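To start, the structure under review is shown below, and the notes come after it.
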Amino acid sequence: MLLAEVAATSDAVAATRSRLAKRAAIADLLRRTATGTAPGHDRADDLEIVVAYLAGSLRQRRTGLGYAALRDLPPPADEPGLTVREVDAAFAAMAAFEGPGSAQARSTATGELFGSATEREQALLRGLVSGELRQGALDSVMVDAVAEAAEVPADAVRRAVMMRGATGPVASAVLLADDPIAALASFTLEVGRPVRPMLAQSAPDIAAAFEKLAPDGDAGLCVDVKLDGIRIQVHRDGDDVLVVTRSLDDITARVPEIVEVVRALPTRRLVLDGEALAVDEDGVPRPFQETAARSATRESGRGRGAPAEAELAEQLRLTPFFFDVLHADGRDLVDDPLRDRLAVLDEVAAPHTVRRLVTADADAAAEFFAGALREGQEGVVVKTLDAPYAAGRRGAGWVKVKPRQTLDLVVLAVERGSGRREGWLSNIHLGARNPQGGFTMLGKTFKGMTDETLAWQTRRFRELEVEDDGWVVTVRPEQVVEIAFDGLQRSTRYPGGLALRFARVLRYRDDKSAAEADTIDTVRLLAGF
DNA sequence: TTCCGACAGTGGGGTCGCAAT
DNA sequence: ATTGCGACCCCACTATCGGAA
């Protein structure tokens, strides 16, 4: 399969807004790849690569290439000639470079690859490397396209992808099989192979979450405490333990304390879903930044600065809290309703479980939510007891509720938008009043803006413009905006030493002047540091 | 015919490790 | 030692398509 054919398909996908047309264009290329002239095992390879590229990603998880690697590229080739397998091999080689000189070698290889690509092929490769293909189709459209090409139900493909944890292998299996349905059915839960985690939607409050999950109000719901850590999926087969993150990244070597906890459980074969975080002696959660630092640190206590690192790791242990179980000693539980899975969870994972309340009473749930916040937890997740573990899809089975704080801040500058926001001023810089009569920047946001808001603020900030460096437009600090956010965190980037977490625009306030905006002292008080 | 679920896009702050400077 | 970059952790929100109601 030629890269040029993939590029042409990607262009066709980008050219239409219809998802059905996108799906059809991708399915067409998948069929051609599956019936190509390449020998059998190469066809499987071709398919996996084509699936990755048309879903907007490379097959390599990490290549060492990013946005900066695309700055100085050679002129494009006149004629196409690259095959997808050659391209995949080139990226695999780049991913393998390490040590001194690796950056140079990577740069040289990048030049060679891009120099062999035509203009359209270069555009595709740039999109894949930067992760911004912007063709209006990613993995979900790909799953539907695989189903169309193989003439099987999309739900069956989606389920196989969830079990396999990846789309490429499922696509190549189903498209090359004599019996596609049987091929899909062969992807089942396997202890030791990560599955796509089930995700949650969000609701503004408990009442809304209950309305979403139990509109009739009579069904009992599960209300879990939501912990502010990192998602973990744990597989155990005897003494073999695997810990992966939400994106199925293997972090086992970084979290020996979690491995220990799991090995000490009585059940020998397990797949558990949960959250890991740092807590103090009283069980009070540490700030998310500490959990993040601990979980991002590779194998602790070796090499440079070993003692300090080992100490840090000893103090900052991550504690796992499990809220779901997908397999226990030969029994697959994925299709069982949550109420049954919870019964098993309490048997196999106690006492390392998330605190929960089962109730049909929204007021009781609201009190439980308030209690969780008093404990210093992030919020709650409300779940229907009847639903199976529907991984990979955001479905309405789980709904998270978190508290929301607000501040009235002043816009200090605004950045140009990109993609569908090209031509608009988009990302705003936010400041709080400071005692010196100026403003202290606390972060930026582009969230919460409708197209109408974008049009309005583009006009408004042009009126207030004092400088435009081509990317950032600095404005007179006069426009007040009401900002919602999840909390404050320590920052080395911003002058006040703190920054907003998940800031978004609620509304512009024309009833307030900048002199009435919130002060940095107020913000500090909120932060508590 | 209208409604709403699912998806893609548009970026946010922080953390680490690594190579180059 | 410092800096820049890549890769991941946590994400919220809006517009849009197309199937459900």
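Following the order of the structure tokens, first chain is A, next is B, and so on, with residues numbered from 1 inside each chain and ligands from 1 in the order they appear.
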
Shell of 12 Å around DA15 of chain C, only C-alpha atoms (C1' of nucleotides), local chain residues under 4 positions omitted, as a PyMOL selection string: (chain A and resi 17+420-421+449-452) or (chain B and resi 7-10)

Same residues, N, CA and C atoms (P, O5', C5', C4', C3', O3' and C1' of nucleotides), saved as a short mmCIF file (atom, residue, chain, number, x, y, z; two decimals), in the first residue's frame:
data_model
loop_
_atom_site.label_atom_id
_atom_site.label_comp_id
_atom_site.auth_asym_id
_atom_site.auth_seq_id
_atom_site.Cartn_x
_atom_site.Cartn_y
_atom_site.Cartn_z
N ARG A 17 -17.98 16.93 5.44
CA ARG A 17 -18.34 17.02 6.85
C ARG A 17 -19.20 15.83 7.27
N ARG A 420 -10.45 25.48 13.50
CA ARG A 420 -11.76 26.09 13.25
C ARG A 420 -11.90 27.46 13.93
N ARG A 421 -10.92 27.79 14.77
CA ARG A 421 -10.94 29.12 15.40
C ARG A 421 -10.00 30.10 14.70
N MET A 449 -16.39 29.06 25.38
CA MET A 449 -16.76 30.10 24.43
C MET A 449 -17.60 29.52 23.28
N THR A 450 -18.73 30.13 23.04
CA THR A 450 -19.51 29.77 21.86
C THR A 450 -18.95 30.56 20.66
N ASP A 451 -19.40 30.21 19.47
CA ASP A 451 -18.95 30.94 18.28
C ASP A 451 -19.33 32.42 18.42
N GLU A 452 -20.49 32.66 19.02
CA GLU A 452 -20.94 34.03 19.21
C GLU A 452 -19.98 34.77 20.16
P DC B 7 -18.38 7.58 20.46
"O5'" DC B 7 -17.77 8.81 19.64
"C5'" DC B 7 -18.37 9.15 18.42
"C4'" DC B 7 -17.61 10.27 17.74
"C3'" DC B 7 -16.15 10.40 18.12
"O3'" DC B 7 -15.40 10.39 16.93
"C1'" DC B 7 -17.32 12.47 18.50
P DA B 8 -13.86 10.49 16.88
"O5'" DA B 8 -13.61 12.03 16.56
"C5'" DA B 8 -14.18 12.59 15.38
"C4'" DA B 8 -13.91 14.07 15.32
"C3'" DA B 8 -12.44 14.47 15.51
"O3'" DA B 8 -12.13 15.42 14.50
"C1'" DA B 8 -13.81 15.61 17.10
P DG B 9 -10.67 16.02 14.40
"O5'" DG B 9 -10.80 17.41 15.17
"C5'" DG B 9 -11.76 18.35 14.69
"C4'" DG B 9 -11.78 19.54 15.60
"C3'" DG B 9 -10.40 20.15 15.89
"O3'" DG B 9 -10.56 21.56 15.73
"C1'" DG B 9 -11.55 19.74 17.91
P DT B 10 -9.31 22.48 15.56
"O5'" DT B 10 -9.18 23.12 17.01
"C5'" DT B 10 -10.13 24.07 17.43
"C4'" DT B 10 -9.84 24.48 18.87
"C3'" DT B 10 -8.35 24.71 19.15
"O3'" DT B 10 -8.18 25.98 19.75
"C1'" DT B 10 -9.32 23.30 20.78
#

Find the residues of chain A that sit at most 7 Å from chain C; for each, write down the nearest two atoms and how far apart they are in Å, to one decimal. Count only C-alpha atoms (C1' of nucleotides). Sort by chain, then by number going up, and give it as a Markdown table.
| residue | atom | partner | partner_atom | distance |
| --- | --- | --- | --- | --- |
| A:Ser18 | CA | C:DC17 | C1' | 6.8 |
| A:Arg19 | CA | C:DC17 | C1' | 6.6 |
| A:Gly64 | CA | C:DG6 | C1' | 6.0 |
| A:Gly66 | CA | C:DG6 | C1' | 6.4 |
| A:Ile230 | CA | C:DC9 | C1' | 6.9 |
| A:Ala292 | CA | C:DC9 | C1' | 6.1 |
| A:Lys447 | CA | C:DC13 | C1' | 5.4 |
| A:Gly448 | CA | C:DC13 | C1' | 5.1 |
| A:Thr450 | CA | C:DT14 | C1' | 6.2 |
| A:Phe502 | CA | C:DC11 | C1' | 6.5 |

Write to file, as a PDB file, in the first residue's frame, the residues of the selection just made, with N, CA, C and O atoms.
ATOM      1  N   SER A  18     -19.712  15.118   6.277  1.00  0.00           N
ATOM      2  CA  SER A  18     -20.572  13.975   6.581  1.00  0.00           C
ATOM      3  C   SER A  18     -19.767  12.828   7.177  1.00  0.00           C
ATOM      4  O   SER A  18     -18.808  12.349   6.582  1.00  0.00           O
ATOM      5  N   ARG A  19     -20.177  12.380   8.348  1.00  0.00           N
ATOM      6  CA  ARG A  19     -19.441  11.275   8.960  1.00  0.00           C
ATOM      7  C   ARG A  19     -19.645   9.977   8.199  1.00  0.00           C
ATOM      8  O   ARG A  19     -18.767   9.127   8.163  1.00  0.00           O
ATOM      9  N   GLY A  64       9.998  10.410  19.600  1.00  0.00           N
ATOM     10  CA  GLY A  64      10.954  11.476  19.872  1.00  0.00           C
ATOM     11  C   GLY A  64      10.751  12.667  18.946  1.00  0.00           C
ATOM     12  O   GLY A  64      11.462  13.654  19.049  1.00  0.00           O
ATOM     13  N   GLY A  66       8.231  15.675  17.445  1.00  0.00           N
ATOM     14  CA  GLY A  66       7.062  16.461  17.813  1.00  0.00           C
ATOM     15  C   GLY A  66       6.975  17.677  16.935  1.00  0.00           C
ATOM     16  O   GLY A  66       7.537  17.701  15.830  1.00  0.00           O
ATOM     17  N   ILE A 230      -4.474   9.217  39.828  1.00  0.00           N
ATOM     18  CA  ILE A 230      -4.403   8.733  38.453  1.00  0.00           C
ATOM     19  C   ILE A 230      -5.133   7.400  38.352  1.00  0.00           C
ATOM     20  O   ILE A 230      -5.108   6.579  39.262  1.00  0.00           O
ATOM     21  N   ALA A 292       1.024  13.183  40.872  1.00  0.00           N
ATOM     22  CA  ALA A 292       1.520  13.200  39.495  1.00  0.00           C
ATOM     23  C   ALA A 292       3.042  13.061  39.468  1.00  0.00           C
ATOM     24  O   ALA A 292       3.596  12.324  38.650  1.00  0.00           O
ATOM     25  N   LYS A 447     -11.837  27.752  26.955  1.00  0.00           N
ATOM     26  CA  LYS A 447     -13.013  26.902  27.131  1.00  0.00           C
ATOM     27  C   LYS A 447     -14.259  27.706  27.460  1.00  0.00           C
ATOM     28  O   LYS A 447     -14.180  28.748  28.098  1.00  0.00           O
ATOM     29  N   GLY A 448     -15.393  27.165  27.065  1.00  0.00           N
ATOM     30  CA  GLY A 448     -16.661  27.766  27.434  1.00  0.00           C
ATOM     31  C   GLY A 448     -17.144  28.820  26.452  1.00  0.00           C
ATOM     32  O   GLY A 448     -18.182  29.434  26.662  1.00  0.00           O
ATOM     33  N   THR A 450     -18.727  30.130  23.043  1.00  0.00           N
ATOM     34  CA  THR A 450     -19.510  29.771  21.859  1.00  0.00           C
ATOM     35  C   THR A 450     -18.948  30.559  20.664  1.00  0.00           C
ATOM     36  O   THR A 450     -18.133  31.471  20.841  1.00  0.00           O
ATOM     37  N   PHE A 502      -8.167  23.887  35.294  1.00  0.00           N
ATOM     38  CA  PHE A 502      -9.351  23.712  34.439  1.00  0.00           C
ATOM     39  C   PHE A 502     -10.224  24.961  34.371  1.00  0.00           C
ATOM     40  O   PHE A 502     -11.450  24.902  34.546  1.00  0.00           O
TER      41      PHE A 502
END

Within 6 Å of chain B: residues of chain A, using only C-alpha atoms (C1' of nucleotides), as a PyMOL selection string: chain A and resi 136+293+296-297

Could those residues be written to a file, using all heavy atoms, as a compact mmCIF listing (two decimals), in the first residue's frame?
# COMPACT_ATOMS: atom_id res chain seq x y z
N GLY A 136 -11.29 15.24 10.89
CA GLY A 136 -12.64 14.99 11.37
C GLY A 136 -12.94 13.54 11.59
O GLY A 136 -14.10 13.12 11.61
N ALA A 293 3.71 13.75 40.38
CA ALA A 293 5.17 13.69 40.42
C ALA A 293 5.62 12.27 40.74
O ALA A 293 6.53 11.72 40.11
CB ALA A 293 5.71 14.66 41.47
N ALA A 296 4.95 9.84 37.82
CA ALA A 296 5.73 10.10 36.59
C ALA A 296 7.19 9.73 36.77
O ALA A 296 7.93 9.64 35.79
CB ALA A 296 5.61 11.57 36.20
N THR A 297 7.61 9.54 38.03
CA THR A 297 9.02 9.22 38.29
C THR A 297 9.30 7.76 37.97
O THR A 297 8.62 6.86 38.45
CB THR A 297 9.35 9.50 39.77
OG1 THR A 297 9.04 10.85 40.05
CG2 THR A 297 10.82 9.25 40.05

DSSP-assigned alpha helix (DSSP H) among segment 333-529 of chain A, expressed as a PyMOL selection string: chain A and resi 338-348+362-374+451-463+520-527

Neighbour list for segment 97-106 of chain A as an MDAnalysis selection string, cut-off 10 Å, only C-alpha atoms (C1' of nucleotides), skip fewer than 4 positions in-chain: (chainID A and resid 63:65 69 90:93 110:112) or (chainID B and resid 18:20)

Every residue of segment 384-512 of chain A that DSSP places in strand (DSSP E or B), as a VMD selection string: chain A and resid 384 398 to 401 405 to 416 425 to 433 439 to 445 465 to 468 472 to 475 480 to 485 487 to 490 498 to 501 504 to 509

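Taking atom CA of Arg59 of chain A and atom CA of Ala200 of chain A as the two end points, the separation is 27.1 Å.
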
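For the atom pair formed by atom CA of Pro197 of chain A and atom CA of Val141 of chain A, the distance is 18.6 Å, given to one decimal.
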
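In this structure, atom CA of Val152 of chain A sits 24.2 Å away from atom CA of Ser57 of chain A.
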
9 Å contact set for Asp335 of chain A, only C-alpha atoms (C1' of nucleotides), chain neighbours under 3 positions out, as number ranges by chain: A: 326, 332, 338, 387-390

Those same residues, written as a tab-separated table (two decimals), in the first residue's frame with N, CA, C and O atoms?
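And here's again_14.tsv as it stands now:
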chain	number	residue	atom	x	y	z
A	326	LEU	N	-13.14	-6.58	36.90
A	326	LEU	CA	-13.53	-7.11	35.58
A	326	LEU	C	-13.32	-8.61	35.48
A	326	LEU	O	-13.86	-9.27	34.60
A	332	ASP	N	-15.24	-13.92	34.32
A	332	ASP	CA	-15.30	-12.62	33.66
A	332	ASP	C	-16.54	-11.87	34.11
A	332	ASP	O	-17.63	-12.42	34.11
A	338	LEU	N	-23.30	-3.75	37.44
A	338	LEU	CA	-22.42	-3.19	38.48
A	338	LEU	C	-22.74	-3.76	39.85
A	338	LEU	O	-21.83	-4.02	40.64
A	387	ALA	N	-25.83	-1.38	34.85
A	387	ALA	CA	-25.03	-1.33	33.62
A	387	ALA	C	-23.81	-2.24	33.67
A	387	ALA	O	-23.17	-2.38	34.71
A	388	PRO	N	-23.49	-2.88	32.55
A	388	PRO	CA	-22.25	-3.64	32.45
A	388	PRO	C	-21.06	-2.68	32.36
A	388	PRO	O	-21.24	-1.47	32.30
A	389	TYR	N	-19.85	-3.23	32.34
A	389	TYR	CA	-18.65	-2.41	32.19
A	389	TYR	C	-18.50	-2.12	30.70
A	389	TYR	O	-17.97	-2.94	29.94
A	390	ALA	N	-19.00	-0.96	30.28
A	390	ALA	CA	-18.96	-0.60	28.86
A	390	ALA	C	-17.73	0.24	28.61
A	390	ALA	O	-17.76	1.46	28.73

Which polymer residues have any atom within 10 Å of an atom of segment 266-276 of chain A, counting only C-alpha atoms (C1' of nucleotides), with same-chain residues fewer than 6 positions away left out, as a compact mmCIF listing (two decimals) with N, CA, C and O atoms, in the first residue's frame?
# COMPACT_ATOMS: atom_id res chain seq x y z
N LEU A 189 -11.72 -10.91 27.19
CA LEU A 189 -10.88 -10.40 28.27
C LEU A 189 -9.78 -11.40 28.58
O LEU A 189 -10.04 -12.59 28.72
N GLU A 190 -8.56 -10.90 28.68
CA GLU A 190 -7.44 -11.77 29.02
C GLU A 190 -6.71 -11.13 30.19
O GLU A 190 -6.31 -9.97 30.10
N VAL A 191 -6.52 -11.88 31.24
CA VAL A 191 -5.76 -11.34 32.36
C VAL A 191 -4.33 -11.07 31.87
O VAL A 191 -3.69 -11.95 31.30
N GLY A 192 -3.86 -9.86 32.05
CA GLY A 192 -2.53 -9.50 31.59
C GLY A 192 -2.55 -8.64 30.34
O GLY A 192 -1.53 -8.10 29.93
N ARG A 193 -3.73 -8.52 29.72
CA ARG A 193 -3.83 -7.62 28.56
C ARG A 193 -4.82 -6.50 28.86
O ARG A 193 -6.01 -6.75 29.02
N PRO A 194 -4.31 -5.26 28.93
CA PRO A 194 -5.16 -4.13 29.34
C PRO A 194 -6.35 -3.93 28.40
O PRO A 194 -6.23 -4.10 27.20
N VAL A 195 -7.48 -3.57 28.98
CA VAL A 195 -8.66 -3.23 28.19
C VAL A 195 -8.92 -1.73 28.32
O VAL A 195 -8.47 -1.09 29.26
N PRO A 197 -10.47 1.52 29.42
CA PRO A 197 -11.24 1.79 30.64
C PRO A 197 -12.57 2.46 30.34
O PRO A 197 -12.71 3.18 29.36
N MET A 198 -13.54 2.19 31.20
CA MET A 198 -14.83 2.87 31.10
C MET A 198 -14.67 4.30 31.60
O MET A 198 -14.01 4.54 32.61
N LYS A 226 -15.05 10.23 44.45
CA LYS A 226 -14.11 10.42 43.34
C LYS A 226 -12.79 10.93 43.90
O LYS A 226 -12.72 11.98 44.52
N LEU A 227 -11.73 10.17 43.66
CA LEU A 227 -10.42 10.50 44.19
C LEU A 227 -9.60 11.24 43.15
O LEU A 227 -9.65 10.91 41.96
N ASP A 228 -8.84 12.23 43.59
CA ASP A 228 -8.06 13.05 42.67
C ASP A 228 -6.65 12.47 42.50
O ASP A 228 -5.68 13.00 43.03
N GLY A 229 -6.56 11.37 41.77
CA GLY A 229 -5.26 10.74 41.53
C GLY A 229 -5.14 10.35 40.08
O GLY A 229 -5.65 11.05 39.21
N ILE A 230 -4.47 9.22 39.83
CA ILE A 230 -4.40 8.73 38.45
C ILE A 230 -5.13 7.40 38.35
O ILE A 230 -5.11 6.58 39.26
N ARG A 231 -5.77 7.21 37.21
CA ARG A 231 -6.54 5.99 36.96
C ARG A 231 -5.57 4.83 36.82
O ARG A 231 -4.57 4.94 36.10
N ILE A 232 -5.88 3.72 37.47
CA ILE A 232 -5.05 2.52 37.29
C ILE A 232 -5.93 1.31 36.97
O ILE A 232 -7.04 1.18 37.49
N GLN A 233 -5.41 0.46 36.10
CA GLN A 233 -6.02 -0.84 35.84
C GLN A 233 -4.96 -1.86 36.21
O GLN A 233 -3.83 -1.77 35.75
N VAL A 234 -5.33 -2.80 37.07
CA VAL A 234 -4.36 -3.75 37.59
C VAL A 234 -4.73 -5.16 37.16
O VAL A 234 -5.88 -5.57 37.30
N HIS A 235 -3.75 -5.86 36.60
CA HIS A 235 -3.94 -7.27 36.26
C HIS A 235 -3.04 -8.11 37.14
O HIS A 235 -1.86 -7.80 37.30
N ARG A 236 -3.60 -9.17 37.70
CA ARG A 236 -2.78 -10.06 38.52
C ARG A 236 -3.00 -11.51 38.10
O ARG A 236 -4.13 -11.97 37.97
N ASP A 237 -1.88 -12.17 37.86
CA ASP A 237 -1.93 -13.62 37.60
C ASP A 237 -0.87 -14.23 38.50
O ASP A 237 0.31 -14.25 38.16
N GLY A 238 -1.28 -14.69 39.66
CA GLY A 238 -0.32 -15.19 40.64
C GLY A 238 0.56 -14.06 41.14
O GLY A 238 0.05 -13.06 41.63
N ASP A 239 1.87 -14.20 40.96
CA ASP A 239 2.76 -13.13 41.40
C ASP A 239 3.03 -12.11 40.30
O ASP A 239 3.71 -11.12 40.52
N ASP A 240 2.55 -12.40 39.09
CA ASP A 240 2.69 -11.43 38.00
C ASP A 240 1.64 -10.35 38.14
O ASP A 240 0.44 -10.64 38.13
N VAL A 241 2.12 -9.12 38.27
CA VAL A 241 1.20 -7.99 38.39
C VAL A 241 1.54 -6.96 37.33
O VAL A 241 2.72 -6.67 37.08
N LEU A 242 0.51 -6.43 36.68
CA LEU A 242 0.68 -5.38 35.68
C LEU A 242 -0.17 -4.20 36.09
O LEU A 242 -1.35 -4.36 36.43
N VAL A 243 0.43 -3.01 36.08
CA VAL A 243 -0.32 -1.80 36.39
C VAL A 243 -0.25 -0.87 35.18
O VAL A 243 0.85 -0.54 34.73
N VAL A 244 -1.40 -0.47 34.66
CA VAL A 244 -1.41 0.45 33.53
C VAL A 244 -2.28 1.67 33.85
O VAL A 244 -3.12 1.62 34.74
N THR A 245 -2.02 2.74 33.09
CA THR A 245 -2.77 3.99 33.27
C THR A 245 -4.00 3.99 32.37
O THR A 245 -4.27 3.02 31.66
N ARG A 246 -4.69 5.10 32.39
CA ARG A 246 -5.89 5.26 31.56
C ARG A 246 -5.58 5.05 30.07
O ARG A 246 -6.39 4.52 29.33
N VAL A 255 5.54 1.76 40.37
CA VAL A 255 4.64 1.73 41.53
C VAL A 255 4.71 0.40 42.28
O VAL A 255 3.71 -0.30 42.42
N ILE A 258 2.05 -0.47 44.86
CA ILE A 258 0.74 -0.95 44.40
C ILE A 258 0.83 -2.45 44.09
O ILE A 258 -0.06 -3.23 44.42
N THR A 291 0.87 13.47 43.62
CA THR A 291 0.58 12.17 43.02
C THR A 291 1.18 12.09 41.61
O THR A 291 1.78 11.09 41.23
N ALA A 292 1.02 13.18 40.87
CA ALA A 292 1.52 13.20 39.49
C ALA A 292 3.04 13.06 39.47
O ALA A 292 3.60 12.32 38.65
N SER A 295 3.96 9.43 40.30
CA SER A 295 3.63 8.43 39.29
C SER A 295 4.40 8.64 38.00
O SER A 295 4.51 7.74 37.18
N ARG A 317 4.25 7.44 48.96
CA ARG A 317 3.73 6.19 48.43
C ARG A 317 2.36 6.44 47.82
O ARG A 317 1.57 7.23 48.33
N LEU A 318 2.10 5.76 46.73
CA LEU A 318 0.77 5.85 46.16
C LEU A 318 -0.09 4.75 46.78
O LEU A 318 0.37 3.62 46.95
N THR A 319 -1.31 5.10 47.10
CA THR A 319 -2.23 4.12 47.67
C THR A 319 -3.32 3.82 46.65
O THR A 319 -3.94 4.76 46.13
N PRO A 320 -3.54 2.55 46.34
CA PRO A 320 -4.59 2.23 45.38
C PRO A 320 -5.95 2.10 46.06
O PRO A 320 -6.05 1.60 47.19
N PHE A 321 -6.98 2.60 45.39
CA PHE A 321 -8.37 2.42 45.84
C PHE A 321 -9.14 1.89 44.63
O PHE A 321 -9.19 2.55 43.60
N PHE A 322 -9.74 0.71 44.78
CA PHE A 322 -10.40 0.09 43.64
C PHE A 322 -11.90 0.32 43.69
O PHE A 322 -12.51 0.34 44.75
N PHE A 323 -12.48 0.52 42.49
CA PHE A 323 -13.93 0.73 42.42
C PHE A 323 -14.63 -0.20 41.46
O PHE A 323 -15.84 -0.12 41.28
N ASP A 324 -13.87 -1.09 40.80
CA ASP A 324 -14.53 -2.03 39.90
C ASP A 324 -13.65 -3.26 39.72
O ASP A 324 -12.44 -3.21 39.95
N VAL A 325 -14.28 -4.36 39.33
CA VAL A 325 -13.55 -5.60 39.08
C VAL A 325 -14.07 -6.22 37.79
O VAL A 325 -15.28 -6.30 37.58
N LEU A 326 -13.14 -6.58 36.90
CA LEU A 326 -13.53 -7.11 35.58
C LEU A 326 -13.32 -8.61 35.48
O LEU A 326 -13.86 -9.27 34.60
N HIS A 327 -12.50 -9.13 36.38
CA HIS A 327 -12.24 -10.58 36.36
C HIS A 327 -11.79 -11.01 37.75
O HIS A 327 -11.03 -10.31 38.41
N ALA A 328 -12.29 -12.16 38.19
CA ALA A 328 -11.85 -12.69 39.47
C ALA A 328 -11.83 -14.21 39.41
O ALA A 328 -12.88 -14.84 39.23
N ASP A 329 -10.64 -14.78 39.49
CA ASP A 329 -10.45 -16.24 39.53
C ASP A 329 -11.28 -17.01 38.51
O ASP A 329 -12.10 -17.85 38.87
N GLY A 330 -11.06 -16.69 37.24
CA GLY A 330 -11.72 -17.45 36.18
C GLY A 330 -13.08 -16.90 35.78
O GLY A 330 -13.66 -17.35 34.79
N ARG A 331 -13.58 -15.95 36.53
CA ARG A 331 -14.91 -15.41 36.21
C ARG A 331 -14.80 -14.03 35.57
O ARG A 331 -14.32 -13.09 36.21
N ASP A 332 -15.24 -13.92 34.32
CA ASP A 332 -15.30 -12.62 33.66
C ASP A 332 -16.54 -11.87 34.11
O ASP A 332 -17.63 -12.42 34.11
N LEU A 333 -16.36 -10.61 34.48
CA LEU A 333 -17.47 -9.86 35.06
C LEU A 333 -17.88 -8.66 34.22
O LEU A 333 -18.80 -7.92 34.60
N LEU A 345 -16.26 -7.26 44.12
CA LEU A 345 -15.19 -6.32 44.49
C LEU A 345 -14.99 -6.30 46.00
O LEU A 345 -13.85 -6.35 46.49
N GLU A 347 -15.52 -8.56 48.06
CA GLU A 347 -14.89 -9.79 48.50
C GLU A 347 -13.40 -9.82 48.19
O GLU A 347 -12.60 -10.22 49.03
N VAL A 348 -13.04 -9.41 46.96
CA VAL A 348 -11.67 -9.64 46.51
C VAL A 348 -10.71 -8.48 46.80
O VAL A 348 -9.50 -8.70 46.88
N ALA A 349 -11.22 -7.26 46.95
CA ALA A 349 -10.32 -6.11 47.04
C ALA A 349 -10.36 -5.41 48.40
O ALA A 349 -9.59 -4.49 48.63
N ALA A 350 -11.26 -5.83 49.27
CA ALA A 350 -11.33 -5.19 50.59
C ALA A 350 -9.99 -5.34 51.29
O ALA A 350 -9.36 -6.39 51.17
N HIS A 352 -9.20 -2.31 50.22
CA HIS A 352 -8.64 -1.27 49.33
C HIS A 352 -9.67 -0.80 48.32
O HIS A 352 -9.41 -0.75 47.12
N THR A 353 -10.87 -0.49 48.80
CA THR A 353 -11.92 -0.07 47.89
C THR A 353 -12.29 1.40 48.14
O THR A 353 -12.04 1.94 49.21
N VAL A 354 -12.90 1.98 47.13
CA VAL A 354 -13.39 3.35 47.23
C VAL A 354 -14.66 3.34 48.09
O VAL A 354 -15.48 2.44 47.98

Shell around Gly417 of chain A at 10 Å using only C-alpha atoms (C1' of nucleotides), local window under 6 positions removed, as a list in words: Gly423, Trp424, Leu425, Ser426, Asn427, Phe446, Leu454 and Trp471 of chain A; DT10 and DG11 of chain B
